[in-house]
>>> print(open('start_33.tsv').read())   # TSV, C-alpha atoms and all ligand atoms
chain	number	residue	atom	x	y	z
N	21	MET	CA	125.40	82.56	40.88
N	22	LYS	CA	123.86	79.14	41.47
N	23	LYS	CA	127.22	77.77	42.55
N	24	SER	CA	127.77	80.44	45.16
N	25	ILE	CA	124.34	79.72	46.67
N	26	LEU	CA	125.25	76.04	46.83
N	27	VAL	CA	128.54	76.88	48.51
N	28	GLY	CA	126.65	79.09	50.94
N	29	VAL	CA	124.18	76.34	51.75
N	30	SER	CA	126.85	73.72	52.27
N	31	LEU	CA	128.79	76.13	54.51
N	32	LEU	CA	125.63	76.63	56.53
N	33	VAL	CA	125.11	72.87	56.79
N	34	ALA	CA	128.74	72.46	57.82
N	35	ALA	CA	128.30	75.15	60.48
N	36	LEU	CA	125.19	73.43	61.87
N	37	VAL	CA	126.85	70.02	61.89
N	38	SER	CA	129.93	71.34	63.64
N	39	THR	CA	127.88	72.95	66.42
N	40	PRO	CA	125.78	70.10	67.82
N	41	VAL	CA	124.97	72.12	70.97
N	42	VAL	CA	122.76	74.50	68.97
N	43	VAL	CA	120.94	71.58	67.35
N	44	MET	CA	120.33	69.87	70.70
N	45	ALA	CA	119.05	73.03	72.39
N	46	ALA	CA	116.37	73.47	69.72
N	47	ASP	CA	113.90	71.02	71.32
N	48	THR	CA	113.57	72.77	74.67
N	49	ASP	CA	113.74	76.20	73.01
N	50	ALA	CA	110.67	75.38	70.93
N	51	VAL	CA	108.64	74.77	74.08
N	52	SER	CA	109.70	77.91	75.91
N	53	SER	CA	110.14	80.26	72.94
N	54	ALA	CA	106.78	81.90	73.56
N	55	ASN	CA	108.12	83.08	76.91
N	56	SER	CA	111.74	83.51	75.95
N	57	PHE	CA	111.67	87.26	76.69
N	58	ASN	CA	111.21	86.27	80.29
N	59	ARG	CA	114.07	84.33	81.84
N	60	LEU	CA	111.93	83.43	84.86
N	61	LEU	CA	109.38	81.50	82.83
N	62	GLN	CA	111.85	79.35	80.92
N	63	LYS	CA	111.83	75.73	81.92
N	64	PRO	CA	115.21	74.07	81.77
N	65	ALA	CA	114.95	70.37	80.92
N	66	GLU	CA	116.75	69.28	84.07
N	67	LYS	CA	118.04	71.18	87.07
N	68	ASN	CA	121.17	70.79	89.16
N	69	LEU	CA	123.21	69.12	86.43
N	70	PRO	CA	126.85	68.30	87.23
N	71	PRO	CA	129.19	71.28	86.53
N	72	ALA	CA	130.53	69.85	83.26
N	73	GLU	CA	127.00	69.60	81.83
N	74	ASP	CA	125.39	72.76	83.21
N	75	GLY	CA	126.37	75.00	80.31
N	76	ILE	CA	128.10	77.42	82.71
N	77	HIS	CA	131.36	75.66	83.56
N	78	ASP	CA	134.06	74.79	81.04
N	79	ALA	CA	133.71	71.08	80.23
N	80	GLU	CA	137.18	71.08	78.63
N	81	ASN	CA	138.84	72.09	81.89
N	82	ASP	CA	139.88	69.17	84.12
N	83	ASN	CA	139.25	71.23	87.27
N	84	THR	CA	135.54	71.37	86.43
N	85	TYR	CA	135.41	67.67	87.32
N	86	VAL	CA	136.90	68.37	90.77
N	87	LEU	CA	133.83	70.43	91.74
N	88	GLN	CA	131.19	68.65	93.79
N	89	PRO	CA	128.01	68.09	91.70
N	90	PRO	CA	125.00	69.97	93.16
N	91	LYS	CA	122.92	66.81	93.54
N	92	ILE	CA	125.53	65.39	95.94
N	93	ALA	CA	126.15	68.74	97.67
N	94	PHE	CA	122.41	69.34	98.22
N	95	ASP	CA	121.65	65.80	99.38
N	96	SER	CA	121.71	66.54	103.13
N	97	LEU	CA	119.83	69.88	102.87
N	98	VAL	CA	116.13	70.53	103.50
N	99	ARG	CA	114.17	70.09	100.26
N	100	SER	CA	111.68	72.42	98.57
N	101	ASP	CA	109.49	71.96	95.49
N	102	PHE	CA	110.90	74.76	93.36
N	103	GLY	CA	114.08	76.49	92.20
N	104	ASN	CA	117.03	74.21	92.88
N	105	TYR	CA	114.84	72.15	95.25
N	106	VAL	CA	116.61	73.34	98.40
N	107	ASP	CA	114.82	75.23	101.17
N	108	TRP	CA	117.76	77.50	101.95
N	109	ILE	CA	116.09	79.32	104.84
N	110	LYS	CA	115.28	76.06	106.66
N	111	SER	CA	118.68	74.58	105.83
N	112	LEU	CA	120.34	77.62	107.41
N	113	ARG	CA	118.08	77.66	110.48
N	114	GLU	CA	118.53	73.92	111.03
N	115	GLN	CA	122.29	74.52	110.73
N	116	LYS	CA	122.75	72.17	107.80
N	117	ILE	CA	124.91	74.96	106.37
N	118	SER	CA	126.88	77.74	108.03
N	119	PRO	CA	127.85	80.31	105.40
N	120	ARG	CA	130.68	82.75	106.09
N	121	ASN	CA	129.74	86.35	106.70
N	122	GLU	CA	133.11	87.50	105.40
N	123	ARG	CA	134.69	86.20	102.23
N	124	MET	CA	137.93	85.38	104.04
N	125	GLY	CA	136.07	83.90	107.04
N	126	GLY	CA	136.91	86.24	109.92
N	127	GLY	CA	134.17	84.76	112.12
N	128	GLU	CA	132.00	87.91	111.97
N	129	GLU	CA	128.38	87.62	113.14
N	130	PRO	CA	125.64	88.74	110.73
N	131	MET	CA	123.52	91.77	111.70
N	132	ILE	CA	120.08	90.15	111.76
N	133	MET	CA	117.10	92.51	111.78
N	134	ASP	CA	113.62	91.18	112.52
N	135	LEU	CA	111.37	93.72	110.80
N	136	ASP	CA	108.48	92.77	108.53
N	137	ILE	CA	107.37	95.25	105.89
N	138	VAL	CA	103.83	94.82	104.60
N	139	ARG	CA	103.17	95.96	101.05
N	140	GLU	CA	99.51	96.32	100.17
N	141	VAL	CA	98.81	94.72	96.83
N	142	ARG	CA	96.35	96.15	94.36
N	143	GLY	CA	93.79	93.55	93.33
N	144	SER	CA	92.73	90.43	95.17
N	145	MET	CA	96.19	88.84	95.63
N	146	PRO	CA	97.14	88.55	99.33
N	147	ASP	CA	99.42	91.37	100.51
N	148	VAL	CA	103.20	90.97	100.44
N	149	ILE	CA	105.22	90.60	103.62
N	150	PHE	CA	108.88	91.39	103.11
N	151	PRO	CA	110.72	89.78	106.04
N	152	HIS	CA	114.02	91.47	106.93
N	153	LYS	CA	114.93	88.50	109.15
N	154	GLY	CA	115.18	85.84	106.44
N	155	HIS	CA	117.18	88.26	104.30
N	156	THR	CA	119.62	89.67	106.84
N	157	GLU	CA	120.53	86.12	107.89
N	158	TRP	CA	122.34	85.99	104.53
N	159	LEU	CA	122.73	89.52	103.28
N	160	GLN	CA	124.12	92.83	104.43
N	161	CYS	CA	121.96	95.95	104.53
N	162	SER	CA	124.08	97.38	101.70
N	163	ASN	CA	123.07	94.52	99.39
N	164	CYS	CA	119.67	96.23	99.15
N	165	HIS	CA	119.97	99.74	100.62
N	166	PRO	CA	119.98	102.22	99.03
N	167	ASP	CA	120.59	100.94	95.47
N	168	ILE	CA	117.66	98.51	95.14
N	169	PHE	CA	115.36	99.88	97.86
N	170	ILE	CA	115.24	103.25	99.62
N	171	PRO	CA	115.06	102.22	103.31
N	172	GLN	CA	111.63	103.69	103.98
N	173	GLN	CA	108.37	101.80	104.00
N	174	GLY	CA	106.28	102.59	100.92
N	175	ALA	CA	108.99	104.71	99.29
N	176	ASN	CA	109.66	102.19	96.54
N	177	ARG	CA	107.39	101.39	93.63
N	178	MET	CA	107.23	97.73	92.75
N	179	ASN	CA	105.03	95.58	90.58
N	180	MET	CA	104.99	92.03	89.33
N	181	ALA	CA	105.95	92.89	85.75
N	182	GLY	CA	109.12	94.62	86.93
N	183	ILE	CA	109.96	91.76	89.32
N	184	LEU	CA	109.61	89.23	86.49
N	185	LEU	CA	111.94	91.38	84.40
N	186	GLY	CA	114.57	91.32	87.15
N	187	GLN	CA	113.88	94.56	89.00
N	188	LYS	CA	113.40	95.11	92.78
N	189	CYS	CA	112.76	91.66	94.39
N	190	GLY	CA	113.59	90.20	90.94
N	191	VAL	CA	117.20	91.38	91.23
N	192	CYS	CA	117.65	88.22	93.34
N	193	HIS	CA	114.47	86.14	93.13
N	194	GLY	CA	114.77	83.93	90.07
N	195	LYS	CA	118.56	84.26	90.04
N	196	VAL	CA	120.09	83.50	93.44
N	197	SER	CA	116.96	82.98	95.53
N	198	PHE	CA	113.66	81.20	95.00
N	199	PRO	CA	112.04	81.95	91.65
N	200	VAL	CA	108.65	83.48	90.85
N	201	VAL	CA	106.57	80.46	89.83
N	202	THR	CA	103.00	79.42	90.64
N	203	THR	CA	104.19	77.37	93.64
N	204	THR	CA	106.00	80.37	95.22
N	205	CYS	CA	103.38	83.17	94.95
N	206	ARG	CA	102.30	82.53	98.55
N	207	LEU	CA	105.80	82.83	99.96
N	208	CYS	CA	105.75	86.56	99.17
N	209	HIS	CA	101.98	87.10	99.08
N	210	SER	CA	101.60	85.71	102.58
N	211	GLN	CA	99.25	88.14	104.32
N	212	ALA	CA	95.51	87.68	103.78
N	213	LYS	CA	93.54	90.80	102.83
N	214	PRO	CA	91.98	92.60	105.83
N	215	GLU	CA	88.50	91.45	106.86
N	216	GLY	CA	85.78	92.90	104.65
N	217	TRP	CA	88.21	93.82	101.87
N	218	ALA	CA	86.57	94.40	98.49
N	219	PRO	CA	88.15	95.39	95.21
N	220	SER	CA	87.88	99.13	94.56
N	221	LYS	CA	85.53	100.10	91.75
N	222	SER	CA	86.86	101.83	88.68
N	223	SER	CA	85.66	105.39	88.06
N	224	ALA	CA	83.80	104.08	85.01
N	225	SER	CA	81.59	101.82	87.15
N	226	VAL	CA	81.21	104.43	89.93
N	227	ASP	CA	80.11	107.09	87.42
N	228	ASN	CA	77.83	104.74	85.51
N	229	PRO	CA	74.22	105.83	86.30
N	230	TRP	CA	72.85	102.50	85.05
N	231	GLN	CA	74.55	100.48	87.79
X	1	LIG	C1	116.86	91.91	100.61
X	1	LIG	C2	116.80	93.34	100.64
X	1	LIG	C3	116.95	94.06	101.95
X	1	LIG	C4	117.96	93.95	102.89
X	1	LIG	C5	119.18	93.03	102.86
X	1	LIG	C6	117.67	94.91	103.93
X	1	LIG	N1	116.51	95.58	103.62
X	1	LIG	FE1	115.70	97.11	104.68
X	1	LIG	N2	114.08	97.18	103.40
X	1	LIG	C7	113.94	96.38	102.29
X	1	LIG	C8	112.64	96.63	101.70
X	1	LIG	C9	112.04	95.93	100.47
X	1	LIG	C10	112.01	97.63	102.48
X	1	LIG	C11	110.62	98.24	102.25
X	1	LIG	C12	110.68	99.39	101.32
X	1	LIG	C13	109.32	99.88	100.89
X	1	LIG	O1	108.30	99.50	101.50
X	1	LIG	O2	109.26	100.67	99.94
X	1	LIG	C14	112.96	97.97	103.54
X	1	LIG	C15	112.76	98.93	104.52
X	1	LIG	C16	113.69	99.29	105.48
X	1	LIG	C17	113.52	100.36	106.44
X	1	LIG	C18	112.29	101.27	106.55
X	1	LIG	C19	111.35	100.78	107.63
X	1	LIG	C20	110.15	101.69	107.79
X	1	LIG	O3	109.32	101.35	108.64
X	1	LIG	O4	110.01	102.69	107.07
X	1	LIG	C21	114.64	100.40	107.21
X	1	LIG	C22	114.95	101.37	108.36
X	1	LIG	C23	115.52	99.33	106.76
X	1	LIG	N3	114.90	98.68	105.70
X	1	LIG	C24	116.75	99.04	107.31
X	1	LIG	C25	117.52	97.94	106.98
X	1	LIG	C26	118.72	97.54	107.71
X	1	LIG	C27	119.30	98.25	108.91
X	1	LIG	C28	119.19	96.41	107.08
X	1	LIG	C29	120.37	95.54	107.47
X	1	LIG	C30	120.35	95.02	108.84
X	1	LIG	C31	118.29	96.14	105.96
X	1	LIG	N4	117.29	97.08	105.95
X	1	LIG	C32	118.46	95.09	105.06
X	1	LIG	C33	114.87	95.48	101.80
X	1	LIG	C34	116.04	95.09	102.43
X	2	LIG	C1	119.59	91.10	97.40
X	2	LIG	C2	118.85	89.91	97.08
X	2	LIG	C3	117.36	89.83	97.41
X	2	LIG	C4	116.37	90.76	97.15
X	2	LIG	C5	116.51	92.09	96.43
X	2	LIG	C6	115.15	90.20	97.68
X	2	LIG	N1	115.38	88.96	98.22
X	2	LIG	FE1	114.02	87.73	99.13
X	2	LIG	N2	115.47	86.38	99.53
X	2	LIG	C7	116.81	86.49	99.16
X	2	LIG	C8	117.55	85.35	99.65
X	2	LIG	C9	119.04	85.08	99.41
X	2	LIG	C10	116.62	84.54	100.33
X	2	LIG	C11	116.91	83.20	101.01
X	2	LIG	C12	117.12	82.12	100.00
X	2	LIG	C13	115.84	81.58	99.43
X	2	LIG	O1	114.85	81.41	100.18
X	2	LIG	O2	115.80	81.33	98.22
X	2	LIG	C14	115.33	85.22	100.26
X	2	LIG	C15	114.16	84.74	100.85
X	2	LIG	C16	112.94	85.39	100.79
X	2	LIG	C17	111.73	84.94	101.46
X	2	LIG	C18	111.61	83.71	102.36
X	2	LIG	C19	111.90	84.17	103.77
X	2	LIG	C20	111.58	83.16	104.83
X	2	LIG	O3	111.73	83.53	106.01
X	2	LIG	O4	111.23	82.02	104.51
X	2	LIG	C21	110.74	85.82	101.12
X	2	LIG	C22	109.28	85.77	101.56
X	2	LIG	C23	111.32	86.83	100.26
X	2	LIG	N3	112.66	86.53	100.08
X	2	LIG	C24	110.62	87.90	99.72
X	2	LIG	C25	111.22	88.97	99.04
X	2	LIG	C26	110.49	90.14	98.57
X	2	LIG	C27	109.00	90.36	98.71
X	2	LIG	C28	111.41	90.96	97.99
X	2	LIG	C29	111.19	92.34	97.38
X	2	LIG	C30	110.48	93.32	98.21
X	2	LIG	C31	112.71	90.32	98.10
X	2	LIG	N4	112.55	89.11	98.75
X	2	LIG	C32	113.91	90.83	97.63
X	2	LIG	C33	117.37	87.53	98.46
X	2	LIG	C34	116.72	88.69	98.06
X	3	LIG	C1	109.61	87.53	95.40
X	3	LIG	C2	108.32	87.91	95.92
X	3	LIG	C3	107.08	87.73	95.06
X	3	LIG	C4	106.64	86.57	94.46
X	3	LIG	C5	107.30	85.20	94.47
X	3	LIG	C6	105.41	86.91	93.82
X	3	LIG	N1	105.09	88.23	94.01
X	3	LIG	FE1	103.47	89.23	93.25
X	3	LIG	N2	104.14	90.96	94.07
X	3	LIG	C7	105.31	91.10	94.83
X	3	LIG	C8	105.50	92.50	95.15
X	3	LIG	C9	106.63	93.09	95.98
X	3	LIG	C10	104.40	93.21	94.57
X	3	LIG	C11	104.13	94.71	94.59
X	3	LIG	C12	103.38	95.09	95.81
X	3	LIG	C13	103.25	96.59	95.85
X	3	LIG	O1	102.43	97.14	95.11
X	3	LIG	O2	103.99	97.18	96.61
X	3	LIG	C14	103.57	92.19	93.91
X	3	LIG	C15	102.37	92.50	93.24
X	3	LIG	C16	101.53	91.56	92.66
X	3	LIG	C17	100.24	91.85	92.06
X	3	LIG	C18	99.57	93.22	91.96
X	3	LIG	C19	99.76	93.83	90.61
X	3	LIG	C20	101.16	94.30	90.39
X	3	LIG	O3	101.78	93.89	89.41
X	3	LIG	O4	101.65	95.05	91.24
X	3	LIG	C21	99.74	90.67	91.61
X	3	LIG	C22	98.43	90.45	90.90
X	3	LIG	C23	100.72	89.64	91.91
X	3	LIG	N3	101.79	90.20	92.55
X	3	LIG	C24	100.59	88.31	91.61
X	3	LIG	C25	101.56	87.33	91.84
X	3	LIG	C26	101.44	85.94	91.42
X	3	LIG	C27	100.26	85.36	90.68
X	3	LIG	C28	102.58	85.31	91.82
X	3	LIG	C29	103.02	83.87	91.58
X	3	LIG	C30	103.10	83.49	90.19
X	3	LIG	C31	103.41	86.29	92.50
X	3	LIG	N4	102.76	87.50	92.50
X	3	LIG	C32	104.63	86.01	93.08
X	3	LIG	C33	106.17	90.09	95.20
X	3	LIG	C34	106.11	88.77	94.78
>>> encode(input="start_33.tsv", output="structure tokens")
Amino acid sequence: MKKSILVGVSLLVAALVSTPVVVMAADTDAVSSANSFNRLLQKPAEKNLPPAEDGIHDAENDNTYVLQPPKIAFDSLVRSDFGNYVDWIKSLREQKISPRNERMGGGEEPMIMDLDIVREVRGSMPDVIFPHKGHTEWLQCSNCHPDIFIPQQGANRMNMAGILLGQKCGVCHGKVSFPVVTTTCRLCHSQAKPEGWAPSKSSASVDNPWQ
């Protein structure tokens, strides 16, 4: 009995020793474990690591080393303070990049639509402006309509919890476009509340005769 426990323990030790990646990851995990249910709140130790070190590409494959490291690729682009530290919208508009609109590069022009959709936000946060322009400069209508959003103002229900969990705007924001962090709230919540706006009272306080 005792022996088999010992064997078990030494096997476990052997397994830990032979997988140094798990041991190394423990430090950063400890910091973010409280928020680990939420991929958007996790703080990676360092961003834009070279492909061989980013945990996504295969470090054993020689071709991984042929890829241009992000830090070099992003060097000439307009900087931002969040995400991968590139302001992609400005970089595109200042023609630092010219992405293809077709995978095979047929020279097609994007269908850019300049239509802002205002979403009134419950509570005191400024309202959300969804700009079609900044999106259709990169994306096709079918990237969003109708699977993510029914194309009708107000027809879709959205809230912050769902976005943080990867729904609606969170299908992209936090994955391929700027993340939801304290420095980016104002990018989406960009329209001040109308003059004289006051939070609505709950029925409890309206009904309360002692108020
Ligand atoms: C990144 C996602 C995204 C893309 C790409 C996109 N839309 Fe939208 N669209 C939205 C959202 C969000 C709304 C607002 C829905 C709401 O308020 O419930 C909307 C609303 C609309 C509306 C309703 C406007 C109104 O006043 O009721 C139309 C029409 C529309 N989109 C057409 C398009 C067309 C055409 C394209 C391509 C040129 C396009 N959209 C690309 C996200 C997108
Ligand atoms: C299909 C993917 C996708 C969805 C869904 C999406 N976005 Fe975006 N969004 C992008 C991309 C790509 C950019 C440009 C890259 C960047 O800024 O990170 C962008 C940029 C933006 C910008 C900056 C635009 C500018 O002109 O500077 C705002 C604001 C924004 N998104 C708000 C929203 C809101 C609000 C929603 C949900 C109603 C939403 N997005 C849904 C992909 C998406
Ligand atoms: C990618 C765009 C985007 C970013 C970034 C963003 N929000 Fe939101 N937020 C929304 C949308 C869309 C709604 C839903 C509006 C509606 O009701 O139609 C919303 C709703 C809210 C609400 C109302 C309650 C709720 O859950 O619906 C609060 C409060 C809020 N956001 C706070 C924040 C704070 C704080 C930040 C920064 C940490 C932030 N938001 C960043 C898009 C965004």
>>> residues_near_ligand(input="start_33.tsv", ligand="ligand LIG 1 (chain X)", cutoff="9 Å", atoms="all atoms listed in the file", output="tab-separated table (two decimals) with C-alpha atoms, in the coordinates of the input")
chain	number	residue	atom	x	y	z
N	130	PRO	CA	125.64	88.74	110.73
N	131	MET	CA	123.52	91.77	111.70
N	132	ILE	CA	120.08	90.15	111.76
N	133	MET	CA	117.10	92.51	111.78
N	134	ASP	CA	113.62	91.18	112.52
N	135	LEU	CA	111.37	93.72	110.80
N	136	ASP	CA	108.48	92.77	108.53
N	137	ILE	CA	107.37	95.25	105.89
N	138	VAL	CA	103.83	94.82	104.60
N	139	ARG	CA	103.17	95.96	101.05
N	150	PHE	CA	108.88	91.39	103.11
N	151	PRO	CA	110.72	89.78	106.04
N	152	HIS	CA	114.02	91.47	106.93
N	153	LYS	CA	114.93	88.50	109.15
N	154	GLY	CA	115.18	85.84	106.44
N	155	HIS	CA	117.18	88.26	104.30
N	156	THR	CA	119.62	89.67	106.84
N	157	GLU	CA	120.53	86.12	107.89
N	158	TRP	CA	122.34	85.99	104.53
N	159	LEU	CA	122.73	89.52	103.28
N	160	GLN	CA	124.12	92.83	104.43
N	161	CYS	CA	121.96	95.95	104.53
N	162	SER	CA	124.08	97.38	101.70
N	163	ASN	CA	123.07	94.52	99.39
N	164	CYS	CA	119.67	96.23	99.15
N	165	HIS	CA	119.97	99.74	100.62
N	166	PRO	CA	119.98	102.22	99.03
N	168	ILE	CA	117.66	98.51	95.14
N	169	PHE	CA	115.36	99.88	97.86
N	170	ILE	CA	115.24	103.25	99.62
N	171	PRO	CA	115.06	102.22	103.31
N	172	GLN	CA	111.63	103.69	103.98
N	173	GLN	CA	108.37	101.80	104.00
N	174	GLY	CA	106.28	102.59	100.92
N	175	ALA	CA	108.99	104.71	99.29
N	176	ASN	CA	109.66	102.19	96.54
N	177	ARG	CA	107.39	101.39	93.63
N	178	MET	CA	107.23	97.73	92.75
N	188	LYS	CA	113.40	95.11	92.78
N	189	CYS	CA	112.76	91.66	94.39
N	192	CYS	CA	117.65	88.22	93.34
>>> closest_residue(input="start_33.tsv", among="N:Ser225, N:Gln88, N:Thr203, N:Asn179", to="ligand LIG 3 (chain X)", atoms="all atoms listed in the file")
N:Asn179
>>> residues_near_ligand(input="start_33.tsv", ligand="ligand LIG 3 (chain X)", cutoff="12 Å", atoms="all atoms listed in the file", output="ChimeraX atom specification")
/N:60-61,102-103,137-151,155,169,173-211
>>> closest_residue(input="start_33.tsv", among="N:Ala72, N:Ile109, N:Ala79, N:Glu66", to="ligand LIG 2 (chain X)", atoms="all atoms listed in the file")
N:Ile109
>>> atom_distance(input="start_33.tsv", atom1="atom CA of N:Pro90", atom2="atom CA of N:Asp74")
10.3 Å
>>> atom_distance(input="start_33.tsv", atom1="atom CA of N:Ala93", atom2="atom CA of N:Val106")
10.6 Å
>>> residues_near_point(input="start_33.tsv", point="(121.8, 72.4, 99.0)", cutoff="12 Å", atoms="all atoms listed in the file", output="PyMOL selection string")
chain N and resi 68+88-100+103-112+115-119
>>> atom_distance(input="start_33.tsv", atom1="atom C14 of ligand LIG 2 (chain X)", atom2="atom CA of N:Asp101")
15.3 Å
>>> closest_residue(input="start_33.tsv", among="N:Glu215, N:Asn121, N:Gly127, N:Arg113", to="ligand LIG 2 (chain X)", atoms="all atoms listed in the file")
N:Arg113
